[in-house]
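Down below is the structure, laid out as structure tokens.
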Amino acid sequence: MCRLFGFRSVINSQVHSSLVHADNALISQSLDHPDGWGVAYYRENTPHLIKSTDRAVDDQIFHMISGVVSSQTVIAHIRKATQGKLSILNSHPFQYGKWVFAHNGNLKDFDCYKNELMKYIDEDLRRFVLGTTDSEVIFYLLISLIKKKHKLTNTTPSFQTLKESTQELCDIICKFTGPLYGGLESNPAESHLTFILTTGKTMIAFNGGLQLKYSTYKTKCSESETCAFYGENCVNPSDKGHQIKHLLFSSEELQGENIWLRMKNGEMIGVDEEMLLHQSQLEVEFLKQPS
């Protein structure tokens with residue numbers, strides 16, 4: 001399965017360490033996930049995407065981009081294909097306007113009901129589905145559901161809107177797939193729906209059965225004496241509804257100062273435009289984990 005990384009912060013930060021240099025960095029994970037990569041980052045509230053079908057560890061463009069990216073919002077994806085051929089059109093992240101999405105998962109028997117799923121996508125959005133992956137269909141289905149409640153040109157949707165839309169997404173998909181797979185070990189033959197979505201200002205992640213970890217604070221901050229944004233919440237846990245300084249998501253725990261916590265199956269976590277932390281448990285059925 002694929003690997004995800006997401007980053008949202010109050011300050012522009014480089015992510016070179018997380019993507020390249022940390023133990024278990026995204027680039028090292030590409031040894032086992034060789035089917036392309038993508039990085040999306042925001043500058044002046046505008047998303048910029050760079051994608052490739054090459055293996056990240058061998059791709060000099062990946063090294064170069066990860067070294068120069070400095071942003072408040074970043075999503076990166078390392079692909080191991082389960083649906084769709086090796087193609088730029090099938091590489092993540094996917095983008096519509098200022099909405100960017102990356103998925104780690106699989107919809108079992110997707111080809112059998114793809115056309116039915118497409119009917120749930122907003123008619124104006126349907127024509128932008130250009131690749132052959134289940135992930136791209138999921139993205140356009142999700143923003144179609146959001147569009148019913150919120151103008152897509154507005155980049156500050158409420159967490160409640162994103163939560164309700166994600167719940168609807170899961171309800172629709174599970175009509176076709178049945179319960180999502182929630183076993184401790186991933187099973188490419190089963191259905192999973194783990195993803196990260198951002199507008200540059202808001203960011204959410206949903207654990208649809210494949211491991212995703214998150215971090216909101218550090219053991220210590222090496223820049224505490226020079227950072228104008230440093231506060232106690234940089235080195236202490238925060239409850240939902242409280243303001244935080246950074247939020248990271250990663251399929252694998254990365255080496256460094258960050259404290260990593262594991263998201264539960266069906267859990268959705270995110271921040272709004274004011275960097276207020278939100279957490280909620282969605283009503284999604286998962287196959288029982290093997291004993």
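All residue names refer to the structure tokens as shown: chains lettered A, B, ... in order, residues numbered from 1 in each chain, ligands numbered from 1 in order.
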
Exercise for the section: Mind checking which residues fall within 9 Å of region 274-286 of chain A, counting only C-alpha atoms, ignoring those fewer than 3 positions away in the same chain, and posting them as a ChimeraX atom specification? Expected result: /A:8-10,159,163-164,166-167,170-171,174,178-183,201-202,204,208-209,216,238-247,264-271,289

Exercise for the section: List every residue of region 32-254 of chain A that DSSP, applied to the backbone, labels as strand (DSSP E), and write the result as JSON, numbers by chain. Expected result: {"A": [37, 38, 39, 40, 41, 42, 43, 46, 47, 48, 49, 50, 51, 52, 70, 71, 72, 73, 74, 75, 76, 77, 78, 94, 95, 96, 99, 100, 101, 102, 103, 104, 105, 106, 180, 181, 192, 193, 194, 195, 196, 197, 198, 203, 204, 205, 206, 213, 214, 215, 246, 247, 248, 249, 250]}

Practice task
Check the smallest atom-to-atom distance from each of A:Phe101, A:Thr155, A:Glu123, A:Trp260 to Thr46 (chain A) using only C-alpha atoms, then report the winner.
Solution key: A:Thr155

Exercise for the section: Find, counting only C-alpha atoms, the residue in A:His77, A:Lys108, A:Lys218, A:His103 that gets nearest to Lys175 (chain A). Expected result: A:Lys108
